[in-house]
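Undergrad: Just so it is clear, I am handing over target_20.txt, which has compact mmCIF, C-alpha atoms.
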# COMPACT_ATOMS: atom_id res chain seq x y z
CA MET A 1 0.00 0.00 0.00
CA MET A 2 2.75 2.45 0.95
CA GLU A 3 4.70 1.56 -2.20
CA SER A 4 1.66 2.12 -4.47
CA CYS A 5 0.95 5.46 -2.80
CA ALA A 6 4.57 6.55 -3.31
CA ILE A 7 4.46 5.57 -6.98
CA ARG A 8 1.14 7.38 -7.41
CA ALA A 9 2.54 10.49 -5.73
CA VAL A 10 5.55 10.56 -8.06
CA LEU A 11 3.34 10.03 -11.09
CA ALA A 12 0.93 12.73 -9.92
CA ALA A 13 3.80 15.19 -9.46
CA ARG A 14 5.07 14.50 -12.97
CA ILE A 15 1.63 14.87 -14.51
CA ALA A 16 0.93 17.98 -12.46
CA HIS A 17 4.15 19.56 -13.75
CA GLU A 18 3.27 18.70 -17.34
CA CYS A 19 -0.30 19.92 -16.98
CA ARG A 20 0.83 23.17 -15.41
CA ARG A 21 3.17 23.68 -18.35
CA LYS A 22 0.43 22.93 -20.87
CA GLY A 23 -2.08 24.96 -18.90
CA GLN A 24 0.23 27.96 -19.00
CA GLU A 25 0.63 27.51 -22.74
CA ARG A 26 -3.09 27.23 -23.41
CA GLY A 27 -4.41 29.35 -20.53
CA ALA A 28 -6.58 26.34 -19.65
CA ALA A 29 -7.45 24.63 -16.36
CA VAL A 30 -5.07 21.86 -15.37
CA SER A 31 -6.22 18.24 -15.59
CA LEU A 32 -4.23 15.95 -13.31
CA LEU A 33 -4.35 13.08 -10.87
CA PHE A 34 -5.80 15.40 -8.27
CA VAL A 35 -8.95 13.29 -8.89
CA PRO A 36 -7.57 9.73 -8.83
CA VAL A 37 -9.33 6.49 -9.79
CA VAL A 38 -9.80 3.87 -7.04
CA ASP A 39 -10.85 0.24 -7.48
CA ILE A 40 -13.06 -0.28 -4.44
CA SER A 41 -13.29 -4.04 -5.01
CA ALA A 42 -9.80 -4.38 -3.49
CA ASP A 43 -9.05 -5.14 0.17
CA PRO A 44 -11.40 -2.91 2.25
CA ALA A 45 -8.74 -1.94 4.80
CA ALA A 46 -6.34 -0.86 2.06
CA VAL A 47 -9.07 1.00 0.16
CA GLY A 48 -10.18 2.78 3.34
CA ALA A 49 -6.62 3.96 3.98
CA GLU A 50 -6.31 5.13 0.39
CA LEU A 51 -9.57 7.07 0.58
CA ASP A 52 -8.41 8.75 3.78
CA GLU A 53 -5.29 9.90 1.97
CA ILE A 54 -7.29 11.18 -1.02
CA CYS A 55 -9.96 12.96 1.01
CA ARG A 56 -7.33 14.82 3.03
CA THR A 57 -6.13 16.55 -0.14
CA ALA A 58 -8.80 16.38 -2.83
CA GLY A 59 -12.20 15.32 -1.51
CA PHE A 60 -12.84 14.00 -5.04
CA PHE A 61 -12.06 10.63 -6.63
CA GLN A 62 -13.51 8.20 -9.16
CA VAL A 63 -14.42 4.59 -8.39
CA THR A 64 -14.36 1.39 -10.40
CA GLY A 65 -15.17 -2.08 -9.10
CA HIS A 66 -18.40 -0.62 -7.71
CA GLY A 67 -20.69 -3.47 -8.77
CA VAL A 68 -23.56 -1.28 -9.99
CA PRO A 69 -25.30 -3.28 -12.76
CA GLY A 70 -24.79 -1.69 -16.16
CA GLY A 71 -28.41 -2.28 -17.12
CA VAL A 72 -29.73 -0.48 -14.04
CA ALA A 73 -27.45 2.50 -14.61
CA GLY A 74 -28.10 2.55 -18.35
CA ARG A 75 -31.89 2.57 -18.06
CA ALA A 76 -31.82 5.41 -15.53
CA TRP A 77 -29.53 7.40 -17.82
CA THR A 78 -31.53 6.89 -21.03
CA THR A 79 -34.86 7.64 -19.37
CA ALA A 80 -33.36 10.87 -18.03
CA THR A 81 -32.33 11.82 -21.58
CA ARG A 82 -35.81 11.00 -22.83
CA PHE A 83 -37.32 13.17 -20.11
CA PHE A 84 -35.30 16.21 -21.19
CA ASP A 85 -36.33 15.51 -24.80
CA LEU A 86 -40.03 15.70 -23.91
CA PRO A 87 -42.06 18.69 -25.13
CA PRO A 88 -41.93 21.62 -22.68
CA ALA A 89 -45.55 21.08 -21.61
CA ASP A 90 -44.80 17.52 -20.47
CA LYS A 91 -41.76 18.61 -18.48
CA LEU A 92 -43.64 21.50 -16.93
CA SER A 93 -46.39 19.09 -15.85
CA VAL A 94 -43.97 17.99 -13.11
CA ALA A 95 -42.51 21.42 -12.35
CA ARG A 96 -42.06 22.21 -8.67
CA PRO A 97 -45.33 23.53 -7.23
CA ALA A 98 -43.32 26.02 -5.12
CA PRO A 99 -39.80 27.46 -5.49
CA ASP A 100 -38.48 25.47 -2.53
CA TYR A 101 -40.25 22.17 -3.31
CA PRO A 102 -37.41 19.65 -3.31
CA TYR A 103 -38.44 17.43 -6.22
CA GLY A 104 -39.65 17.76 -9.79
CA TYR A 105 -38.54 19.75 -12.81
CA ILE A 106 -36.49 22.96 -12.67
CA PRO A 107 -36.41 24.74 -16.05
CA LEU A 108 -33.33 26.23 -17.64
CA ALA A 109 -31.75 28.96 -15.46
CA GLY A 110 -34.06 28.10 -12.55
CA GLU A 111 -31.24 27.41 -10.08
CA SER A 112 -27.99 29.05 -9.01
CA LEU A 113 -25.74 26.74 -7.01
CA SER A 114 -23.25 29.48 -6.19
CA ARG A 115 -25.98 31.28 -4.25
CA SER A 116 -25.83 28.53 -1.61
CA MET A 117 -22.46 30.03 -0.69
CA THR A 118 -22.30 33.63 -1.90
CA GLY A 119 -25.93 34.69 -1.74
CA THR A 120 -25.79 36.21 -5.24
CA ALA A 121 -24.82 34.77 -8.63
CA PRO A 122 -26.26 34.45 -12.15
CA PRO A 123 -28.57 31.47 -12.77
CA ASP A 124 -26.97 28.28 -14.02
CA LEU A 125 -27.23 27.18 -17.67
CA LYS A 126 -28.94 23.89 -16.96
CA GLU A 127 -32.31 22.24 -16.46
CA VAL A 128 -32.88 19.69 -13.71
CA PHE A 129 -35.14 16.84 -12.67
CA ASN A 130 -35.04 15.77 -9.00
CA ALA A 131 -36.54 12.75 -7.25
CA GLY A 132 -36.52 11.83 -3.60
CA PRO A 133 -36.83 8.71 -1.43
CA PRO A 134 -39.22 6.07 -2.86
CA ALA A 135 -40.69 5.47 0.62
CA ARG A 136 -41.28 7.51 3.74
CA PRO A 137 -39.96 6.29 7.13
CA ALA A 138 -42.38 4.77 9.60
CA HIS A 139 -41.68 7.28 12.40
CA PRO A 140 -43.81 10.44 12.71
CA PHE A 141 -42.23 13.72 11.67
CA ALA A 142 -41.66 16.07 14.60
CA ASP A 143 -40.09 18.70 12.34
CA PRO A 144 -42.25 20.01 9.44
CA ASP A 145 -39.07 20.37 7.39
CA GLU A 146 -38.43 16.64 7.70
CA ALA A 147 -41.81 16.04 6.11
CA TRP A 148 -40.71 18.52 3.40
CA ALA A 149 -37.61 16.38 2.72
CA TYR A 150 -39.90 13.38 2.19
CA SER A 151 -42.28 15.22 -0.14
CA PRO A 152 -43.63 13.02 -2.93
CA SER A 153 -41.59 12.84 -6.11
CA LEU A 154 -43.37 14.06 -9.24
CA TRP A 155 -43.39 11.63 -12.18
CA PRO A 156 -44.38 12.62 -15.74
CA ALA A 157 -47.38 10.78 -17.17
CA ALA A 158 -45.77 11.00 -20.62
CA LEU A 159 -42.83 8.81 -19.49
CA PRO A 160 -44.07 6.18 -17.01
CA GLU A 161 -40.87 4.12 -17.32
CA LEU A 162 -38.91 6.94 -15.66
CA LYS A 163 -40.23 6.06 -12.20
CA VAL A 164 -39.43 2.36 -12.62
CA ALA A 165 -35.88 2.96 -13.87
CA TRP A 166 -35.09 5.61 -11.28
CA THR A 167 -36.44 3.60 -8.35
CA ALA A 168 -34.06 0.75 -9.23
CA TYR A 169 -31.14 3.14 -9.71
CA TYR A 170 -31.89 4.95 -6.43
CA ALA A 171 -31.62 1.61 -4.61
CA ALA A 172 -28.31 0.82 -6.34
CA MET A 173 -26.91 4.24 -5.45
CA ARG A 174 -28.06 3.93 -1.84
CA ASP A 175 -26.27 0.58 -1.58
CA LEU A 176 -23.09 2.03 -3.12
CA GLY A 177 -23.29 5.00 -0.77
CA ASP A 178 -23.54 2.67 2.23
CA ARG A 179 -20.54 0.72 0.96
CA LEU A 180 -18.51 3.90 0.56
CA MET A 181 -19.46 5.07 4.06
CA SER A 182 -18.21 1.74 5.44
CA LEU A 183 -14.90 2.27 3.62
CA PHE A 184 -14.81 5.83 4.96
CA ALA A 185 -15.25 4.50 8.49
CA ARG A 186 -12.27 2.19 8.04
CA GLY A 187 -10.18 5.06 6.73
CA LEU A 188 -11.07 7.14 9.79
CA GLY A 189 -10.15 4.39 12.24
CA LEU A 190 -13.77 3.57 13.08
CA PRO A 191 -15.72 0.27 12.97
CA PRO A 192 -16.95 -0.50 9.41
CA GLY A 193 -20.60 -0.12 10.41
CA PHE A 194 -20.13 3.12 12.37
CA PHE A 195 -22.09 5.38 10.01
CA ALA A 196 -25.01 3.00 9.42
CA GLY A 197 -26.98 4.38 12.35
CA TYR A 198 -26.50 7.93 11.09
CA THR A 199 -27.55 7.41 7.45
CA GLY A 200 -30.02 4.52 7.35
CA GLN A 201 -33.12 6.78 7.37
CA ALA A 202 -31.73 9.67 5.33
CA ALA A 203 -33.70 11.58 2.70
CA ASN A 204 -31.28 11.00 -0.16
CA ALA A 205 -31.96 12.59 -3.54
CA LEU A 206 -31.39 11.61 -7.16
CA ARG A 207 -30.98 14.26 -9.83
CA ALA A 208 -30.51 14.42 -13.59
CA ILE A 209 -29.03 17.54 -15.15
CA ASN A 210 -29.20 18.59 -18.78
CA TYR A 211 -26.87 21.31 -20.00
CA PRO A 212 -28.45 22.13 -23.37
CA ALA A 213 -26.45 22.77 -26.50
CA ARG A 214 -26.34 26.50 -27.21
CA ASP A 215 -25.13 28.95 -29.81
CA THR A 216 -25.06 32.14 -27.73
CA ALA A 217 -22.53 33.35 -25.18
CA PRO A 218 -23.39 33.18 -21.45
CA LEU A 219 -23.91 36.26 -19.31
CA PRO A 220 -20.85 37.63 -17.49
CA GLY A 221 -19.97 35.22 -14.70
CA GLN A 222 -22.59 32.68 -15.81
CA LEU A 223 -21.56 29.00 -15.84
CA ARG A 224 -23.24 25.73 -16.63
CA ALA A 225 -23.12 25.17 -12.86
CA GLY A 226 -21.65 27.76 -10.54
CA ALA A 227 -18.91 26.99 -8.03
CA HIS A 228 -20.29 25.27 -4.92
CA THR A 229 -19.75 22.53 -2.41
CA ASP A 230 -22.26 19.74 -1.85
CA TYR A 231 -24.28 19.72 1.32
CA GLY A 232 -24.49 16.18 2.65
CA THR A 233 -22.15 13.26 3.34
CA LEU A 234 -21.17 12.23 -0.18
CA THR A 235 -22.22 12.53 -3.82
CA ILE A 236 -22.10 9.80 -6.47
CA LEU A 237 -22.00 11.24 -9.98
CA ARG A 238 -22.30 9.69 -13.40
CA GLN A 239 -21.17 12.02 -16.19
CA ASP A 240 -20.95 11.75 -19.96
CA ALA A 241 -17.89 12.23 -22.14
CA VAL A 242 -18.43 15.92 -22.96
CA GLY A 243 -16.41 17.20 -19.99
CA GLY A 244 -16.55 20.49 -18.13
CA LEU A 245 -16.62 19.34 -14.49
CA GLU A 246 -13.81 21.06 -12.60
CA VAL A 247 -12.50 20.81 -9.03
CA LEU A 248 -10.63 23.55 -7.19
CA GLY A 249 -7.14 22.14 -6.74
CA PRO A 250 -3.94 23.14 -4.97
CA GLY A 251 -2.89 26.74 -5.42
CA GLY A 252 -6.40 27.82 -6.34
CA ARG A 253 -6.24 26.25 -9.80
CA TRP A 254 -9.17 24.43 -11.36
CA ALA A 255 -8.55 20.78 -12.32
CA GLY A 256 -10.73 19.06 -14.91
CA VAL A 257 -12.32 15.72 -13.97
CA GLU A 258 -11.70 13.54 -17.00
CA PRO A 259 -14.58 11.12 -17.72
CA VAL A 260 -13.58 7.48 -17.12
CA PRO A 261 -15.86 4.91 -18.82
CA GLY A 262 -17.85 2.93 -16.26
CA ALA A 263 -16.59 4.93 -13.27
CA PHE A 264 -18.52 7.11 -10.85
CA VAL A 265 -17.15 10.41 -9.57
CA ILE A 266 -17.34 10.63 -5.77
CA ASN A 267 -16.98 13.72 -3.63
CA ILE A 268 -17.53 14.36 0.04
CA GLY A 269 -19.94 17.06 1.19
CA ASP A 270 -20.06 19.71 3.88
CA LEU A 271 -21.36 17.36 6.57
CA MET A 272 -18.46 14.96 6.08
CA ALA A 273 -15.99 17.84 6.35
CA ARG A 274 -17.62 18.95 9.60
CA TRP A 275 -17.69 15.38 10.92
CA THR A 276 -13.95 15.02 10.27
CA ASN A 277 -13.05 18.47 11.63
CA ASP A 278 -11.79 19.40 8.14
CA ARG A 279 -9.43 16.45 8.02
CA TRP A 280 -11.35 15.74 4.79
CA ARG A 281 -12.17 18.45 2.26
CA SER A 282 -15.57 19.41 0.90
CA THR A 283 -14.11 20.79 -2.30
CA LEU A 284 -15.45 23.57 -4.49
CA HIS A 285 -16.46 22.36 -7.94
CA ARG A 286 -18.23 23.77 -10.97
CA VAL A 287 -19.23 22.94 -14.55
CA VAL A 288 -17.77 25.14 -17.28
CA ASP A 289 -17.57 25.10 -21.06
CA PRO A 290 -14.73 22.75 -22.06
CA PRO A 291 -11.89 24.44 -23.98
CA ASP A 292 -12.72 22.58 -27.20
CA PRO A 293 -15.25 24.78 -29.11
CA ALA A 294 -17.33 21.82 -30.26
CA ALA A 295 -17.59 20.43 -26.73
CA ALA A 296 -18.28 23.89 -25.32
CA ALA A 297 -21.41 24.17 -27.45
CA ALA A 298 -22.46 20.53 -27.04
CA ARG A 299 -25.21 19.15 -24.88
CA ARG A 300 -24.02 17.62 -21.60
CA GLN A 301 -25.77 15.31 -19.14
CA SER A 302 -24.94 14.14 -15.64
CA MET A 303 -26.71 12.29 -12.81
CA PRO A 304 -25.70 12.93 -9.19
CA PHE A 305 -27.02 10.99 -6.21
CA PHE A 306 -26.80 12.92 -2.96
CA GLN A 307 -26.41 10.80 0.16
CA ASN A 308 -27.36 12.60 3.34
CA ALA A 309 -27.46 11.81 7.03
CA ASN A 310 -30.64 11.13 8.98
CA TRP A 311 -32.66 14.27 9.59
CA SER A 312 -32.08 14.35 13.34
CA ALA A 313 -28.49 13.07 13.23
CA GLU A 314 -26.16 15.33 15.18
CA ILE A 315 -22.99 15.98 13.23
CA SER A 316 -20.11 16.72 15.58
CA CYS A 317 -16.38 16.10 15.47
CA LEU A 318 -15.48 12.40 15.32
CA PRO A 319 -13.19 11.30 18.17
CA THR A 320 -10.60 9.93 15.72
CA CYS A 321 -10.40 13.31 13.96
CA LEU A 322 -9.40 15.38 16.97
CA GLU A 323 -5.68 15.65 17.56
CA PRO A 324 -4.35 15.99 21.14
CA GLY A 325 -4.85 19.58 22.30
CA GLU A 326 -7.03 20.42 19.29
CA LYS A 327 -10.60 21.72 19.57
CA PRO A 328 -13.52 21.06 17.23
CA ARG A 329 -13.72 23.72 14.53
CA TYR A 330 -17.51 23.59 14.28
CA GLU A 331 -20.45 23.57 16.61
CA PRO A 332 -22.63 20.46 16.29
CA VAL A 333 -25.43 20.74 13.72
CA LEU A 334 -28.47 18.64 12.89
CA ALA A 335 -28.10 17.19 9.42
CA GLY A 336 -31.62 17.92 8.21
CA PRO A 337 -31.88 21.65 8.92
CA HIS A 338 -28.38 22.10 7.47
CA LEU A 339 -29.48 20.44 4.21
CA ALA A 340 -32.74 22.36 3.97
CA GLY A 341 -31.09 25.74 4.48
CA LYS A 342 -28.46 25.13 1.78
CA PHE A 343 -30.98 23.85 -0.76
CA ARG A 344 -33.37 26.74 -0.30
CA LYS A 345 -30.62 29.31 -0.88
CA SER A 346 -29.91 27.79 -4.28
CA VAL A 347 -33.49 27.78 -5.63
CA THR A 348 -35.23 30.84 -4.16
CA PHE A 349 -34.23 33.97 -6.03
Represent the supplied structure as structure tokens.
TA:
Amino acid sequence: MMESCAIRAVLAARIAHECRRKGQERGAAVSLLFVPVVDISADPAAVGAELDEICRTAGFFQVTGHGVPGGVAGRAWTTATRFFDLPPADKLSVARPAPDYPYGYIPLAGESLSRSMTGTAPPDLKEVFNAGPPARPAHPFADPDEAWAYSPSLWPAALPELKVAWTAYYAAMRDLGDRLMSLFARGLGLPPGFFAGYTGQAANALRAINYPARDTAPLPGQLRAGAHTDYGTLTILRQDAVGGLEVLGPGGRWAGVEPVPGAFVINIGDLMARWTNDRWRSTLHRVVDPPDPAAAAARRQSMPFFQNANWSAEISCLPTCLEPGEKPRYEPVLAGPHLAGKFRKSVTF
């Protein structure tokens, strides 16, 4: 394990140097092994240690060996494409009934992710379809906002197969998220099942994003998706080959996340950073026009799954993430209200 990490570090340094040189020549963002690829089918203890190393510096990585059936992922992806290809009236039939309703269709320029951090930013050049948990928990909701998080998903009558495909994919993503959290626990020196009691009843969300092809320039400061961090524990993303996803790397430089066939992009969210006392990074990321003119104008699609913690889970510094003499950097927060506040900032403007 130590030998492979040393080799990877040397290789990353060489590629980083070359990418910096090419980036300076082209004026482009660097693309390097800042976002490494990890085979999570390997020994769990070794993978956990590797993820700890990665999340200390990047907070982003890609996974292979994940076991998600290709048919399940493929059907979810193609039905998402078919949804965005529906006539506007059919898409608007499942538009959010209120600006802060968590699920349903958000038309082009109806969201600004950067607003969740800055409070002001141009709307993003994308349209979105969101779905929530297929079932509600058995316990009564003491907090009205928890009931909001379990609001019914809205399914278009014109595409009934969307619900079927997405329900299967949601289950596969939930299982992968649980597997990753077990690996995270190992990497943090905790029992493999440590996080299960904190995430087993979470209101996770599945989203498809369409960045339409366009032939006009964006507004000043307008991106396909503005710079932001994610809000929960982790995000599992499937992206196409168009490119444009970037992560803020060392030295304040943006690093492109190169699409890897069959891999999922994983990043940790704000709650995981708080849990680990910033031992792990919730990294800024954005979606921009790729440097190639044809790709910059092309349609792009992605599908993120947002894994959250249980609504009433208290997120406070993990004992293994507090060095001797160090104090927690954050006050404890409840996961649900944290999520709701971040989401509402991004959609109400």
Undergrad: With 10 Å as the cut-off and all atoms listed in the file counted, what is the closest atom pair between each nearby residue of stretch 190-225 of chain A and stretch 85-103 of chain A? Distances in Å to one decimal, ordered by chain and number, as CSV.
TA:
residue,atom,partner,partner_atom,distance
A:Ala205,CA,A:Tyr103,CA,8.5
A:Leu206,CA,A:Tyr103,CA,9.2
A:Arg207,CA,A:Tyr103,CA,8.9
A:Asn210,CA,A:Asp85,CA,9.8
Undergrad: Ranking A:Phe60, A:Glu331, A:Ala157, A:Val68 by minimum distance to A:Gly262 and counting only C-alpha atoms, which one comes first?
TA: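 Looking only at the distances to A:Gly262, the closest residue turns out to be A:Val68.
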Undergrad: Let me make sure I understand: among A:Phe343, A:Ala225, A:Arg82, A:Ser182, which one has the smallest atom-to-atom distance to A:Ala158 if we use all atoms listed in the file?
TA: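 Of all the options, A:Arg82 lies closest to A:Ala158.
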Undergrad: Work out how far atom CA of A:Gly251 is from atom CA of A:Phe305, in Å to one decimal.
TA: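 Atom-to-atom, atom CA of A:Phe305 to atom CA of A:Gly251, that is 28.8 Å.
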Undergrad: Could you give me, as a PyMOL selection string, the residues within 7 Å of A:Gln307, counting only C-alpha atoms and dropping anything in the same chain fewer than 5 positions from it?
TA: chain A and resi 177+204-205+232-235
Undergrad: So which residues touch stretch 164-176 of chain A within 6 Å, counting all atoms listed in the file, skipping near sequence neighbours fewer than 4 positions away, as an mmCIF file with C-alpha atoms, in the frame of the given file?
TA:
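Final output, around.cif:
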data_model
loop_
_atom_site.group_PDB
_atom_site.id
_atom_site.type_symbol
_atom_site.label_atom_id
_atom_site.label_comp_id
_atom_site.auth_asym_id
_atom_site.auth_seq_id
_atom_site.Cartn_x
_atom_site.Cartn_y
_atom_site.Cartn_z
ATOM 1 C CA VAL A 72 -29.730 -0.480 -14.040
ATOM 2 C CA ARG A 75 -31.890 2.570 -18.060
ATOM 3 C CA ALA A 76 -31.820 5.410 -15.530
#
Undergrad: Check which residues of stretch 183-254 of chain A sit at most 7 Å from stretch 283-300 of chain A using all atoms listed in the file, and return one row each with the closest pair of atoms and their distance in Å to one decimal, ordered by chain and rising number, as a tab-separated table.
TA:
residue	atom	partner	partner_atom	distance
A:Asn210	CA	A:Arg300	CA	6.0
A:Tyr211	CA	A:Arg300	CA	4.9
A:Pro212	CA	A:Arg299	CA	4.7
A:Ala213	CA	A:Arg299	CA	4.2
A:Arg214	CA	A:Ala297	CA	5.5
A:Asp215	CA	A:Ala297	CA	6.5
A:Leu223	CA	A:Val288	CA	5.6
A:Arg224	CA	A:Val287	CA	5.3
A:Ala225	CA	A:Val287	CA	4.8
A:Gly226	CA	A:Arg286	CA	5.3
A:Ala227	CA	A:Arg286	CA	4.4
A:His228	CA	A:Leu284	CA	5.1
A:Thr229	CA	A:Leu284	CA	4.9
A:Asp240	CA	A:Arg300	CA	6.8
A:Val242	CA	A:Ala295	CA	5.9
A:Gly243	CA	A:Pro290	CA	6.2
A:Gly244	CA	A:Val288	CA	4.9
A:Leu245	CA	A:Val287	CA	4.4
A:Glu246	CA	A:Arg286	CA	5.4
A:Val247	CA	A:His285	CA	4.4
A:Leu248	CA	A:Leu284	CA	5.5
Undergrad: Can you work out the spacing between atom CA of A:Ser282 and atom CA of A:Gly59 in Å, to one decimal?
TA: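 One can read the atom CA of A:Ser282 to atom CA of A:Gly59 distance as 5.8 Å.
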Undergrad: Can you tell me, as a PyMOL selection string, what residues are no more than 10 Å from A:Gly189 when counting all atoms listed in the file, ignoring any on the same chain fewer than 5 positions away?
TA: chain A and resi 45+48-49+52+184+319-321
Undergrad: Between atom CA of A:Val265 and atom CA of A:Pro152, what is the distance in Å, rounded to a tenth?
TA: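 Going from atom CA of A:Val265 over to atom CA of A:Pro152 covers 27.4 Å.
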Undergrad: Which is closer to A:Arg186 than all the others in A:Glu50, A:Glu111, A:Glu326, A:Asp39, using all atoms listed in the file?
TA: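 Under the stated criterion, the closest residue is A:Glu50.
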Undergrad: Pick the closest to A:Trp77 from A:Ala335, A:Leu271, A:Leu180, A:Leu237: which is it, counting all atoms listed in the file?
TA: A:Leu237
Undergrad: Between A:Phe83, A:Trp311, A:Phe129, A:Tyr330, single out the one closest to A:Ala208, counting all atoms listed in the file.
TA: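 The shortest atom-to-atom distance to A:Ala208 comes from A:Phe129.
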Undergrad: Return the single residue from A:Trp280, A:Tyr105, A:Tyr198, A:Phe264 that is closest to A:Ile315, with distances computed using all atoms listed in the file.
TA: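 Distance minimum relative to A:Ile315 lands on A:Tyr198.
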Undergrad: Within 10 Å of A:Asp145, counting all atoms listed in the file, which residues qualify if same-chain residues fewer than 4 places away don't, as a list in words?
TA: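 Listed by chain and then number, they are Phe141, Ala149, Tyr150, Ser151, Trp311, Gly336, Pro337 and Ala340 of chain A.
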Undergrad: Counting only C-alpha atoms, I want the residues whose atoms come within 10 Å of (-13.8, -2.7, -11.1) in the file frame, returned as JSON, numbers by chain.
TA: {"A": [38, 39, 40, 41, 42, 63, 64, 65, 66, 67, 68, 262, 263]}
Undergrad: Take the residues from that selection and write them out as an mmCIF file, in the frame of the given file, keeping C-alpha atoms.
TA:
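Result saved to selection.cif:
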data_model
loop_
_atom_site.group_PDB
_atom_site.id
_atom_site.type_symbol
_atom_site.label_atom_id
_atom_site.label_comp_id
_atom_site.auth_asym_id
_atom_site.auth_seq_id
_atom_site.Cartn_x
_atom_site.Cartn_y
_atom_site.Cartn_z
ATOM 1 C CA VAL A 38 -9.800 3.870 -7.040
ATOM 2 C CA ASP A 39 -10.850 0.240 -7.480
ATOM 3 C CA ILE A 40 -13.060 -0.280 -4.440
ATOM 4 C CA SER A 41 -13.290 -4.040 -5.010
ATOM 5 C CA ALA A 42 -9.800 -4.380 -3.490
ATOM 6 C CA VAL A 63 -14.420 4.590 -8.390
ATOM 7 C CA THR A 64 -14.360 1.390 -10.400
ATOM 8 C CA GLY A 65 -15.170 -2.080 -9.100
ATOM 9 C CA HIS A 66 -18.400 -0.620 -7.710
ATOM 10 C CA GLY A 67 -20.690 -3.470 -8.770
ATOM 11 C CA VAL A 68 -23.560 -1.280 -9.990
ATOM 12 C CA GLY A 262 -17.850 2.930 -16.260
ATOM 13 C CA ALA A 263 -16.590 4.930 -13.270
#
Undergrad: Skip A:Ile209 itself and residues of its chain fewer than 6 positions away, then list as a list in words all residues within 9 Å of it, counting all atoms listed in the file.
TA: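 My reading of the contact set: Ala80, Phe84, Lys126, Glu127, Val128, Phe129, Asn130, Arg300, Gln301, Ser302, Met303 and Pro304 of chain A.
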Undergrad: Take the residues from that selection and write them out as a short mmCIF file (atom, residue, chain, number, x, y, z; two decimals), keeping the file's coordinate frame, keeping C-alpha atoms.
TA:
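Saved the output as part_26.cif:
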data_model
loop_
_atom_site.label_atom_id
_atom_site.label_comp_id
_atom_site.auth_asym_id
_atom_site.auth_seq_id
_atom_site.Cartn_x
_atom_site.Cartn_y
_atom_site.Cartn_z
CA ALA A 80 -33.36 10.87 -18.03
CA PHE A 84 -35.30 16.21 -21.19
CA LYS A 126 -28.94 23.89 -16.96
CA GLU A 127 -32.31 22.24 -16.46
CA VAL A 128 -32.88 19.69 -13.71
CA PHE A 129 -35.14 16.84 -12.67
CA ASN A 130 -35.04 15.77 -9.00
CA ARG A 300 -24.02 17.62 -21.60
CA GLN A 301 -25.77 15.31 -19.14
CA SER A 302 -24.94 14.14 -15.64
CA MET A 303 -26.71 12.29 -12.81
CA PRO A 304 -25.70 12.93 -9.19
#
Undergrad: Taking only N, CA and C atoms, show stretch 213-224 of chain A of the given structure as a PDB file, in the first residue's frame.
TA:
ATOM      1  N   ALA A 213     -27.315  22.170 -25.488  1.00  0.00           N
ATOM      2  CA  ALA A 213     -26.451  22.774 -26.505  1.00  0.00           C
ATOM      3  C   ALA A 213     -26.903  24.215 -26.718  1.00  0.00           C
ATOM      4  N   ARG A 214     -25.974  25.098 -27.017  1.00  0.00           N
ATOM      5  CA  ARG A 214     -26.344  26.498 -27.206  1.00  0.00           C
ATOM      6  C   ARG A 214     -25.420  27.152 -28.226  1.00  0.00           C
ATOM      7  N   ASP A 215     -25.911  28.226 -28.789  1.00  0.00           N
ATOM      8  CA  ASP A 215     -25.131  28.949 -29.807  1.00  0.00           C
ATOM      9  C   ASP A 215     -24.952  30.414 -29.446  1.00  0.00           C
ATOM     10  N   THR A 216     -25.255  30.767 -28.188  1.00  0.00           N
ATOM     11  CA  THR A 216     -25.063  32.140 -27.729  1.00  0.00           C
ATOM     12  C   THR A 216     -24.151  32.145 -26.512  1.00  0.00           C
ATOM     13  N   ALA A 217     -23.457  33.236 -26.297  1.00  0.00           N
ATOM     14  CA  ALA A 217     -22.527  33.349 -25.179  1.00  0.00           C
ATOM     15  C   ALA A 217     -23.291  33.509 -23.859  1.00  0.00           C
ATOM     16  N   PRO A 218     -22.747  32.991 -22.752  1.00  0.00           N
ATOM     17  CA  PRO A 218     -23.394  33.181 -21.450  1.00  0.00           C
ATOM     18  C   PRO A 218     -23.264  34.624 -20.975  1.00  0.00           C
ATOM     19  N   LEU A 219     -24.038  34.955 -19.956  1.00  0.00           N
ATOM     20  CA  LEU A 219     -23.906  36.256 -19.310  1.00  0.00           C
ATOM     21  C   LEU A 219     -22.574  36.341 -18.576  1.00  0.00           C
ATOM     22  N   PRO A 220     -22.090  37.522 -18.271  1.00  0.00           N
ATOM     23  CA  PRO A 220     -20.849  37.634 -17.494  1.00  0.00           C
ATOM     24  C   PRO A 220     -20.956  36.862 -16.177  1.00  0.00           C
ATOM     25  N   GLY A 221     -19.987  35.994 -15.928  1.00  0.00           N
ATOM     26  CA  GLY A 221     -19.971  35.221 -14.697  1.00  0.00           C
ATOM     27  C   GLY A 221     -20.911  34.032 -14.677  1.00  0.00           C
ATOM     28  N   GLN A 222     -21.611  33.781 -15.771  1.00  0.00           N
ATOM     29  CA  GLN A 222     -22.589  32.684 -15.807  1.00  0.00           C
ATOM     30  C   GLN A 222     -21.924  31.391 -16.274  1.00  0.00           C
ATOM     31  N   LEU A 223     -22.134  30.291 -15.531  1.00  0.00           N
ATOM     32  CA  LEU A 223     -21.558  29.000 -15.843  1.00  0.00           C
ATOM     33  C   LEU A 223     -22.661  27.975 -16.049  1.00  0.00           C
ATOM     34  N   ARG A 224     -22.270  26.820 -16.559  1.00  0.00           N
ATOM     35  CA  ARG A 224     -23.238  25.727 -16.634  1.00  0.00           C
ATOM     36  C   ARG A 224     -23.694  25.328 -15.231  1.00  0.00           C
TER      37      ARG A 224
END
